[in-house]
Amino acid sequence: MSQIFQNVVLGHWDGWQPFSSTIRGCGAIEVSIATMSKVHRCHTDEIYVVGFVPSYLIPKKRSNALDPFLEPLIRDLEEGFINGIPVNYAATIAGIPSGPTHIRHLLLCWKGDHNGQCEAGKFIKCGKKGCRRCNLQGVFVPATNHYYYPGFRLQGRFPNEEKSIVNSLEVMQDIEEEERITVKQEKSKNTGYTGLSIFHRLYPLYHFQYDKDFVYDEMHGLPLNVVKRQIQCLLESGNEDLNWQVVDERLKSFPWTHEHRTGRLPSGITKRFGYWKAEDFHHFAFPAMEACLGDMLQNDPEAREIVCCLARIIEFFSNHARNGWSEADACTFHEMCVRYAVLVEESHGVESCVITLHNLLHFKDDIARFSSMDNYSCWTEERAVRRYILASNNHKNIEITFALSEARREFLKLRESKQHVENHL
């Protein structure tokens with residue numbers, strides 16, 4: 001099931017007071033309300049899950065399938081931005097004087113996996129125009145009946161022309177109003193759009209461009225796509241030098257740090273690889289992959305170079321995400337991604353150049369706009385879903401059960417905050 005996330009930041013129009021919430025749709029909606037500190041903002045206790053079931057009356061393969069569920073959100077954003085929410089500050093906060101004022105909220109970015117972003121933004125998921133950021137022309141391979149996106153050396157030196165929804169509004173509106181399915185599919189194939197998204201209603205308010213503000217999530221982009229695909233290639237390569245039983249033994253005895261041990265640890269690559277999660281792939285790529293596989297790839301320099309390059313990408317991201325990113329860091333990370341894509345293309349051929357590999361080239365744009373990727377990653381939301389899955393219920397009226405549980409939790413948290421205010425803490 002596809003996953004759709006979005007970030008709403010509430011604050012002063014002139015001077016920001018961070019107050020964010022994250023909503024997940026198409027199966028479950030997660031709302032994360034956090035204040036000030038990034039530690040609190042990225043905590044699963046600040047995420048609220050609201051489920052909804054898509055109506056069976058909506059025809060299949062229609063680009064407006066999510067519009068009925070997104071309409072209340074967009075309407076509230078419009079009203080909240082225009083009219084604002086009257087509040088009364090009891091004390092001066094971040095330079096804002098105490099007293100009555102208005103808070104206006106904005107939708108700054110929307111995060112999710114590739115399929116969820118395409119459904120919400122009405123982009124095609126792959127095909128001739130598979131990228132939502134640039135005018136990349138896909139290459140059709142008849143043997144697999146699929147489009148691929150090679151030419152990373154050329155793209156690294158001469159980036160593709162930027163694609164903008166502002167310049168394609170008439171085309172997108174024409175596709176949105178087209179009722180003939182075959183004609184609509186042909187137009188979508190040649191343009192990369194399946195219609196005009198409901199998010200464009202925010203553009204006249206404060207120039208929200210959903211093609212650029214729909215960010216690429218590193219959780220789905222790196223561990224669950226790039227790392228997983230590379231490990232699968234190694235497993236299917238038939239390289240006799242790769243002894244996976246030895247790799248399992250090395251993973252068992254690997255000296256994991258205390259920070260790593262607080263999460264999932266990769267193990268049993270020969271028997272449990274199908275059960276690995278994003279955290280397993282992330283920890284295996286760095287720091288375990290080079291230690292477990294490095295000496296086994298001495299006779300395959302191409303595979304060794306690819307493995308080392310991927311490990312450096314994960315290491316660079318993990319270390320720089322904590323202290324913020326500079327422009328030089330973003331450029332270095334982009335060059336590493338281009339190099340990895342070139343190595344994969346020249347080693348495995350055109351069929352390895354899928355859209356998720358091409359998306360690595362656009363991480364730099366998101367870093368420049370929203371800083372480090374852990375600010376808008378889906379790790380927290382995915383962990384919150386696990387918390388709700390493990391919650392006990394009688395499998396009847398689950399939405400009401402979750403709603404009452406969240407109401408109690410919010411009441412207790414509000415009561416505790418009032419006690420802190422009364423005690424002048």
# chains A, B, ... in the order shown; residues from 1 in each chain; ligands from 1
>>> residues_around(residues="His348 (chain A)", least_positions_apart="6", cutoff="12 Å", atoms="only C-alpha atoms", output="number ranges by chain")
A: 150, 229-230, 233-234, 237, 302-303, 306, 340-342, 354
>>> write_last_selection(atoms="all heavy atoms", output="compact mmCIF listing (two decimals), in the first residue's frame")
# COMPACT_ATOMS: atom_id res chain seq x y z
N PRO A 150 19.01 5.58 -18.37
CA PRO A 150 20.48 5.54 -18.36
C PRO A 150 21.09 6.90 -18.71
O PRO A 150 20.38 7.91 -18.83
CB PRO A 150 20.79 4.50 -19.43
CG PRO A 150 19.67 4.65 -20.42
CD PRO A 150 18.44 5.04 -19.61
N ARG A 229 18.53 -3.31 -3.43
CA ARG A 229 18.75 -3.76 -4.80
C ARG A 229 20.20 -4.20 -5.00
O ARG A 229 20.46 -5.19 -5.70
CB ARG A 229 18.39 -2.63 -5.77
CG ARG A 229 18.32 -3.06 -7.22
CD ARG A 229 17.90 -1.90 -8.11
NE ARG A 229 17.75 -2.30 -9.48
CZ ARG A 229 16.64 -2.79 -10.03
NH1 ARG A 229 15.57 -2.94 -9.26
NH2 ARG A 229 16.58 -3.14 -11.29
N GLN A 230 21.16 -3.51 -4.39
CA GLN A 230 22.56 -3.88 -4.54
C GLN A 230 22.85 -5.22 -3.86
O GLN A 230 23.59 -6.05 -4.40
CB GLN A 230 23.45 -2.78 -3.94
CG GLN A 230 24.93 -3.03 -4.11
CD GLN A 230 25.34 -3.18 -5.55
OE1 GLN A 230 24.89 -2.43 -6.42
NE2 GLN A 230 26.17 -4.17 -5.83
N CYS A 233 21.56 -7.97 -6.02
CA CYS A 233 22.46 -8.23 -7.15
C CYS A 233 23.63 -9.10 -6.73
O CYS A 233 24.05 -9.99 -7.48
CB CYS A 233 22.96 -6.91 -7.73
SG CYS A 233 21.72 -5.95 -8.61
N LEU A 234 24.17 -8.86 -5.54
CA LEU A 234 25.27 -9.69 -5.05
C LEU A 234 24.81 -11.11 -4.77
O LEU A 234 25.53 -12.08 -5.05
CB LEU A 234 25.87 -9.07 -3.79
CG LEU A 234 26.60 -7.73 -3.97
CD1 LEU A 234 27.02 -7.18 -2.61
CD2 LEU A 234 27.82 -7.89 -4.86
N SER A 237 24.38 -12.85 -8.14
CA SER A 237 25.51 -12.78 -9.07
C SER A 237 26.16 -14.13 -9.32
O SER A 237 26.79 -14.35 -10.35
CB SER A 237 26.56 -11.80 -8.54
OG SER A 237 27.10 -12.26 -7.31
N GLU A 302 35.06 -4.30 -9.94
CA GLU A 302 33.88 -3.48 -10.20
C GLU A 302 32.88 -3.57 -9.06
O GLU A 302 32.37 -2.55 -8.57
CB GLU A 302 33.24 -3.90 -11.52
CG GLU A 302 34.06 -3.57 -12.75
CD GLU A 302 33.31 -3.91 -14.03
OE1 GLU A 302 32.21 -4.50 -13.93
OE2 GLU A 302 33.83 -3.60 -15.12
N ALA A 303 32.58 -4.79 -8.63
CA ALA A 303 31.63 -4.97 -7.52
C ALA A 303 32.18 -4.37 -6.23
O ALA A 303 31.43 -3.78 -5.45
CB ALA A 303 31.33 -6.45 -7.33
N ILE A 306 31.71 -0.60 -6.31
CA ILE A 306 30.31 -0.23 -6.10
C ILE A 306 29.94 -0.34 -4.63
O ILE A 306 29.29 0.54 -4.06
CB ILE A 306 29.40 -1.12 -6.97
CG1 ILE A 306 29.57 -0.79 -8.45
CG2 ILE A 306 27.94 -0.94 -6.56
CD1 ILE A 306 28.80 -1.70 -9.37
N TYR A 340 28.08 6.70 -7.96
CA TYR A 340 27.47 5.39 -7.73
C TYR A 340 26.56 5.01 -8.89
O TYR A 340 26.58 3.86 -9.35
CB TYR A 340 26.69 5.40 -6.42
CG TYR A 340 25.94 4.12 -6.18
CD1 TYR A 340 26.61 2.97 -5.73
CD2 TYR A 340 24.57 4.03 -6.42
CE1 TYR A 340 25.93 1.79 -5.52
CE2 TYR A 340 23.89 2.85 -6.21
CZ TYR A 340 24.57 1.73 -5.77
OH TYR A 340 23.89 0.55 -5.57
N ALA A 341 25.75 5.95 -9.36
CA ALA A 341 24.84 5.65 -10.47
C ALA A 341 25.62 5.28 -11.74
O ALA A 341 25.23 4.37 -12.48
CB ALA A 341 23.94 6.85 -10.74
N VAL A 342 26.71 5.97 -12.00
CA VAL A 342 27.54 5.65 -13.17
C VAL A 342 28.13 4.25 -13.04
O VAL A 342 28.13 3.46 -14.00
CB VAL A 342 28.66 6.71 -13.33
CG1 VAL A 342 29.67 6.26 -14.39
CG2 VAL A 342 28.06 8.05 -13.71
N VAL A 354 16.83 2.23 -12.92
CA VAL A 354 15.43 2.43 -12.60
C VAL A 354 15.23 3.86 -12.09
O VAL A 354 16.18 4.59 -11.83
CB VAL A 354 14.96 1.40 -11.56
CG1 VAL A 354 14.99 0.00 -12.16
CG2 VAL A 354 15.84 1.47 -10.32
>>> select_by_dssp(residues="region 27-262 of chain A", states="strand (DSSP E)", output="NGL selection string")
:A and (29-32 or 34-35 or 47-50 or 85-89 or 99-109 or 139-141 or 146-148)
>>> closest_atom_pairs(of="region 62-83 of chain A", to="region 188-199 of chain A", cutoff="10 Å", atoms="only C-alpha atoms", output="tab-separated table")
residue	atom	partner	partner_atom	distance
A:Arg62	CA	A:Thr194	CA	8.7
A:Ser63	CA	A:Thr194	CA	6.1
A:Asn64	CA	A:Gly195	CA	8.0
A:Leu66	CA	A:Ile198	CA	9.3
A:Asp67	CA	A:Ile198	CA	6.7
A:Pro68	CA	A:Ile198	CA	9.8
A:Leu70	CA	A:Ile198	CA	7.6
A:Glu71	CA	A:Ile198	CA	7.5
A:Leu73	CA	A:Phe199	CA	9.8
A:Ile74	CA	A:Phe199	CA	7.1
>>> closest_residue(among="A:Ile398, A:Leu297, A:Val227, A:Ile96", to="Val344 (chain A)", atoms="only C-alpha atoms")
A:Val227
>>> closest_residue(among="A:Met336, A:Leu222, A:Leu343, A:Val247", to="Ala285 (chain A)", atoms="only C-alpha atoms")
A:Leu222
>>> closest_residue(among="A:Ala368, A:Ile82, A:Leu224, A:Met373", to="Ser326 (chain A)", atoms="only C-alpha atoms")
A:Ala368
>>> select_by_dssp(residues="region 40-150 of chain A", states="alpha helix (DSSP H)", output="count of residues only")
26
>>> closest_atom_pairs(of="region 298-364 of chain A", to="region 286-293 of chain A", cutoff="9 Å", atoms="only C-alpha atoms", output="Markdown table")
| residue | atom | partner | partner_atom | distance |
| --- | --- | --- | --- | --- |
| A:Arg304 | CA | A:Leu293 | CA | 8.4 |
| A:Val307 | CA | A:Glu290 | CA | 7.2 |
| A:Cys308 | CA | A:Glu290 | CA | 6.7 |
| A:Leu310 | CA | A:Phe286 | CA | 8.7 |
| A:Ala311 | CA | A:Phe286 | CA | 5.5 |
| A:Arg312 | CA | A:Phe286 | CA | 7.9 |
| A:Ile313 | CA | A:Phe286 | CA | 8.9 |
| A:Ile314 | CA | A:Phe286 | CA | 6.1 |
| A:Glu315 | CA | A:Phe286 | CA | 6.1 |
| A:Ser318 | CA | A:Phe286 | CA | 8.8 |
>>> write_last_selection(atoms="N, CA, C and O atoms", output="tab-separated table (two decimals), in the first residue's frame")
chain	number	residue	atom	x	y	z
A	304	ARG	N	33.47	-4.51	-6.01
A	304	ARG	CA	34.08	-3.94	-4.81
A	304	ARG	C	33.98	-2.42	-4.80
A	304	ARG	O	33.66	-1.81	-3.78
A	307	VAL	N	30.37	-1.44	-3.98
A	307	VAL	CA	30.07	-1.65	-2.57
A	307	VAL	C	30.71	-0.55	-1.72
A	307	VAL	O	30.06	0.01	-0.81
A	308	CYS	N	31.95	-0.22	-2.00
A	308	CYS	CA	32.64	0.82	-1.23
A	308	CYS	C	31.99	2.18	-1.44
A	308	CYS	O	31.85	2.97	-0.49
A	310	LEU	N	28.82	2.79	-2.22
A	310	LEU	CA	27.53	2.81	-1.51
A	310	LEU	C	27.73	2.96	-0.01
A	310	LEU	O	26.98	3.69	0.66
A	311	ALA	N	28.76	2.30	0.52
A	311	ALA	CA	29.04	2.44	1.96
A	311	ALA	C	29.42	3.87	2.31
A	311	ALA	O	29.02	4.40	3.36
A	312	ARG	N	30.18	4.54	1.43
A	312	ARG	CA	30.56	5.93	1.68
A	312	ARG	C	29.34	6.85	1.64
A	312	ARG	O	29.27	7.83	2.38
A	313	ILE	N	28.39	6.56	0.76
A	313	ILE	CA	27.17	7.38	0.69
A	313	ILE	C	26.39	7.29	2.00
A	313	ILE	O	25.98	8.31	2.57
A	314	ILE	N	26.18	6.07	2.50
A	314	ILE	CA	25.45	5.89	3.74
A	314	ILE	C	26.22	6.49	4.92
A	314	ILE	O	25.63	7.11	5.81
A	315	GLU	N	27.54	6.33	4.92
A	315	GLU	CA	28.35	6.92	5.99
A	315	GLU	C	28.28	8.43	5.97
A	315	GLU	O	28.12	9.08	7.02
A	318	SER	N	24.84	9.52	7.25
A	318	SER	CA	24.64	9.27	8.68
A	318	SER	C	25.41	10.26	9.54
A	318	SER	O	24.91	10.73	10.57
>>> residues_around(residues="Pro223 (chain A)", least_positions_apart="3", cutoff="10 Å", atoms="only C-alpha atoms", output="list in words")
Glu218, Met219, His220, Val226, Val227, Lys228, Arg229, Gln230, Lys277, Ala278, Glu279, Asp280, Phe281, His282, His283, Phe284, Ala285 and Ile314 of chain A
>>> closest_residue(among="A:Cys337, A:Gly324, A:Trp379, A:Ile367", to="Gly156 (chain A)", atoms="only C-alpha atoms")
A:Cys337
>>> atom_distance(atom1="CA of Tyr216 (chain A)", atom2="CA of Tyr376 (chain A)")
8.7 Å
>>> residues_around(residues="Lys364 (chain A)", least_positions_apart="4", cutoff="12 Å", atoms="only C-alpha atoms", output="list in words")
Lys212, Val215, Tyr216, Glu218, Phe317, Trp325, Ser326, Glu327, Ala328, Asp329, Ala330, Cys331, Thr332, Phe333, His334, Glu335, Met336, Cys337, Val338, Asn359, Leu360, Ala368, Arg369, Phe370, Ser371, Ser372 and Met373 of chain A
>>> atom_distance(atom1="CA of Leu136 (chain A)", atom2="CA of Tyr206 (chain A)")
28.1 Å
>>> decode(residues="region 238-263 of chain A", atoms="N, CA, C and O atoms", output="CSV table (one decimal), in the first residue's frame")
chain,number,residue,atom,x,y,z
A,238,GLY,N,26.0,-15.0,-8.4
A,238,GLY,CA,26.7,-16.3,-8.5
A,238,GLY,C,28.2,-16.3,-8.3
A,238,GLY,O,28.9,-17.2,-8.8
A,239,ASN,N,28.7,-15.3,-7.7
A,239,ASN,CA,30.1,-15.1,-7.4
A,239,ASN,C,30.6,-16.2,-6.4
A,239,ASN,O,30.1,-16.2,-5.3
A,240,GLU,N,31.5,-17.1,-6.9
A,240,GLU,CA,31.9,-18.2,-6.0
A,240,GLU,C,32.7,-17.7,-4.8
A,240,GLU,O,32.9,-18.4,-3.8
A,241,ASP,N,33.3,-16.5,-4.9
A,241,ASP,CA,34.1,-16.0,-3.8
A,241,ASP,C,33.3,-15.5,-2.6
A,241,ASP,O,33.8,-15.4,-1.5
A,242,LEU,N,32.0,-15.3,-2.9
A,242,LEU,CA,31.1,-14.8,-1.9
A,242,LEU,C,30.5,-16.0,-1.1
A,242,LEU,O,29.7,-16.7,-1.5
A,243,ASN,N,31.0,-16.1,0.1
A,243,ASN,CA,30.5,-17.2,1.0
A,243,ASN,C,29.6,-16.6,2.0
A,243,ASN,O,30.0,-15.9,3.0
A,244,TRP,N,28.3,-16.8,1.8
A,244,TRP,CA,27.3,-16.1,2.6
A,244,TRP,C,27.2,-16.7,4.0
A,244,TRP,O,26.7,-16.0,4.9
A,245,GLN,N,27.6,-17.9,4.2
A,245,GLN,CA,27.6,-18.5,5.5
A,245,GLN,C,28.7,-17.7,6.4
A,245,GLN,O,28.4,-17.5,7.6
A,246,VAL,N,29.8,-17.4,5.8
A,246,VAL,CA,30.8,-16.6,6.5
A,246,VAL,C,30.3,-15.2,6.8
A,246,VAL,O,30.6,-14.7,7.9
A,247,VAL,N,29.5,-14.7,5.9
A,247,VAL,CA,29.0,-13.3,6.1
A,247,VAL,C,28.0,-13.4,7.3
A,247,VAL,O,28.0,-12.4,8.1
A,248,ASP,N,27.2,-14.4,7.4
A,248,ASP,CA,26.3,-14.5,8.6
A,248,ASP,C,27.1,-14.6,9.9
A,248,ASP,O,26.7,-14.0,10.9
A,249,GLU,N,28.2,-15.4,9.9
A,249,GLU,CA,29.0,-15.5,11.1
A,249,GLU,C,29.7,-14.2,11.4
A,249,GLU,O,29.8,-13.8,12.6
A,250,ARG,N,30.1,-13.4,10.4
A,250,ARG,CA,30.7,-12.1,10.7
A,250,ARG,C,29.7,-11.1,11.3
A,250,ARG,O,30.0,-10.3,12.1
A,251,LEU,N,28.4,-11.2,10.8
A,251,LEU,CA,27.4,-10.4,11.3
A,251,LEU,C,27.1,-10.7,12.8
A,251,LEU,O,26.8,-9.8,13.6
A,252,LYS,N,27.1,-12.0,13.1
A,252,LYS,CA,26.9,-12.3,14.5
A,252,LYS,C,27.9,-11.8,15.5
A,252,LYS,O,27.6,-11.4,16.6
A,253,SER,N,29.2,-11.7,15.0
A,253,SER,CA,30.3,-11.3,15.9
A,253,SER,C,30.6,-9.8,15.6
A,253,SER,O,31.7,-9.4,16.1
A,254,PHE,N,29.9,-9.1,14.8
A,254,PHE,CA,30.2,-7.7,14.5
A,254,PHE,C,30.1,-6.9,15.8
A,254,PHE,O,29.1,-6.9,16.5
A,255,PRO,N,31.1,-6.0,16.0
A,255,PRO,CA,31.0,-5.2,17.3
A,255,PRO,C,30.1,-3.9,17.1
A,255,PRO,O,30.6,-2.8,16.9
A,256,TRP,N,28.8,-4.1,17.2
A,256,TRP,CA,27.9,-3.0,17.1
A,256,TRP,C,28.0,-2.1,18.2
A,256,TRP,O,28.2,-2.5,19.4
A,257,THR,N,27.8,-0.8,18.0
A,257,THR,CA,27.8,0.2,19.0
A,257,THR,C,26.5,0.2,19.8
A,257,THR,O,25.5,-0.5,19.4
A,258,HIS,N,26.5,0.9,20.9
A,258,HIS,CA,25.3,0.9,21.8
A,258,HIS,C,24.1,1.6,21.0
A,258,HIS,O,23.0,1.2,21.1
A,259,GLU,N,24.4,2.6,20.2
A,259,GLU,CA,23.4,3.2,19.4
A,259,GLU,C,22.8,2.3,18.4
A,259,GLU,O,21.6,2.3,18.2
A,260,HIS,N,23.6,1.5,17.8
A,260,HIS,CA,23.1,0.5,16.8
A,260,HIS,C,22.2,-0.5,17.5
A,260,HIS,O,21.2,-1.0,17.0
A,261,ARG,N,22.6,-0.9,18.7
A,261,ARG,CA,21.9,-2.0,19.4
A,261,ARG,C,20.5,-1.5,19.9
A,261,ARG,O,19.7,-2.4,20.3
A,262,THR,N,20.2,-0.3,19.9
A,262,THR,CA,18.9,0.2,20.3
A,262,THR,C,17.9,0.0,19.2
A,262,THR,O,16.7,0.1,19.5
A,263,GLY,N,18.3,-0.3,18.0
A,263,GLY,CA,17.4,-0.6,16.9
A,263,GLY,C,17.6,-2.0,16.4
A,263,GLY,O,18.1,-2.9,17.0
